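Structure record follows, encoded as structure tokens.
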Amino acid sequence: MRFKSSDVIQNEQGKALCQADCIGLCKMSISSEQSRAARGLLNWSQGKLSEAAGVARATIAEFEGGKRRPIANNLAAIRAALESAGVEFINGTGVKLRT
């Protein structure tokens, strides 16, 4: 996934590296519940999502367990991997498989 200069990219300490664009953030943000539900629809383990997204399995586990929110680029990679596999994020709260 490519980022625009208006997207927020954070370092590991959560410090913003470029200016925020709320609309861009909302478009790439997903909830931990959506991530779990999307994996369920695909019958994917956290390891499978980790591999598909190119992020650590611990990142997925901590996100879905409510322990922490991934940095913006990892969250975008998670979303992109799920969307590439056929998941559609709906109304900011749900998921479904594309038909």
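Naming works like this for the structure tokens: A, B, ... for the chains as they're shown, residue 1 at the start of each chain, ligands 1 onward in shown order.
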### Task
Might you pull out every residue within 10 Å of Glu51 of chain A, with only C-alpha atoms counted and same-chain residues fewer than 5 positions away left off, and present them as a list in words?
Ser45, Gln46, Ala56, Arg57, Ile78 and Ala81 of chain A
Prev. selection, all heavy atoms, output as a tab-separated table (two decimals), in the first residue's frame:
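Output saved as out.tsv:
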```tsv
chain	number	residue	atom	x	y	z
A	45	SER	N	-5.56	-17.93	10.36
A	45	SER	CA	-4.97	-17.79	11.69
A	45	SER	C	-4.28	-16.43	11.78
A	45	SER	O	-4.10	-15.74	10.76
A	45	SER	CB	-3.92	-18.89	11.90
A	45	SER	OG	-2.84	-18.71	11.00
A	46	GLN	N	-3.89	-16.07	12.98
A	46	GLN	CA	-3.11	-14.83	13.13
A	46	GLN	C	-1.80	-14.96	12.37
A	46	GLN	O	-1.32	-13.99	11.77
A	46	GLN	CB	-2.84	-14.52	14.60
A	46	GLN	CG	-4.08	-14.07	15.34
A	46	GLN	CD	-3.81	-13.76	16.80
A	46	GLN	OE1	-2.80	-14.18	17.38
A	46	GLN	NE2	-4.74	-13.05	17.42
A	56	ALA	N	4.63	-8.62	12.18
A	56	ALA	CA	4.87	-9.66	13.18
A	56	ALA	C	3.55	-10.24	13.71
A	56	ALA	O	2.57	-9.52	13.87
A	56	ALA	CB	5.67	-9.09	14.35
A	57	ARG	N	3.55	-11.55	13.99
A	57	ARG	CA	2.36	-12.18	14.55
A	57	ARG	C	2.00	-11.55	15.88
A	57	ARG	O	0.83	-11.38	16.20
A	57	ARG	CB	2.55	-13.70	14.70
A	57	ARG	CG	1.18	-14.40	14.89
A	57	ARG	CD	1.29	-15.79	15.47
A	57	ARG	NE	1.73	-15.84	16.85
A	57	ARG	CZ	1.01	-15.46	17.90
A	57	ARG	NH1	-0.18	-14.94	17.76
A	57	ARG	NH2	1.51	-15.56	19.11
A	78	ILE	N	-2.24	-4.59	7.35
A	78	ILE	CA	-3.22	-5.59	7.80
A	78	ILE	C	-4.50	-5.44	6.99
A	78	ILE	O	-5.04	-6.41	6.46
A	78	ILE	CB	-3.49	-5.46	9.31
A	78	ILE	CG1	-2.25	-5.86	10.11
A	78	ILE	CG2	-4.71	-6.28	9.73
A	78	ILE	CD1	-2.28	-5.47	11.58
A	81	ALA	N	-4.01	-6.53	3.31
A	81	ALA	CA	-3.94	-7.99	3.16
A	81	ALA	C	-5.33	-8.62	3.22
A	81	ALA	O	-5.66	-9.50	2.40
A	81	ALA	CB	-3.04	-8.59	4.25
```
### Task
Kindly indicate which residue among A:Leu82, A:Thr99, A:Gly65, A:Glu88 lies nearest to Lys48 of chain A, using only C-alpha atoms for the distances.
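Comparing A:Leu82, A:Thr99, A:Gly65, A:Glu88 against Lys48 of chain A, the winner is A:Leu82.
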### Message
I'd like the interatomic distance between atom CA of Arg98 of chain A and atom CA of Asn73 of chain A, to a tenth of an Å.
### Response
23.8 Å
### Query
What is the distance between atom CA of Val55 of chain A and atom CA of Arg39 of chain A, in Å to one decimal?
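Atom-to-atom, atom CA of Val55 of chain A and atom CA of Arg39 of chain A are spaced 14.9 Å apart.
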### Query
So which one's closest to Ser35 of chain A, A:Arg79, A:Lys67, A:Ala52, A:Asn91? Using only C-alpha atoms, please.
A:Arg79
### Message
Using only C-alpha atoms, which protein or nucleic acid residues come within 12 Å of Gly40 of chain A? Drop anything in the same chain fewer than 6 positions from it, and give the result as a PyMOL selection string.
### Response
chain A and resi 33-34+46+48-49+82+87+95-97
### Message
Would you compute the distance between atom CA of Ala80 of chain A and atom CA of Ala61 of chain A? Give it in Å to one decimal.
### Response
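Value for the atom CA of Ala80 of chain A-atom CA of Ala61 of chain A distance: 17.4 Å.
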### Task
Within 12 Å of Arg69 of chain A, counting only C-alpha atoms, which residues show up once you throw out same-chain ones fewer than 3 positions away? Write them as a ChimeraX atom specification, please.
/A:10,12-14,29-32,35,58-66,72-76,78
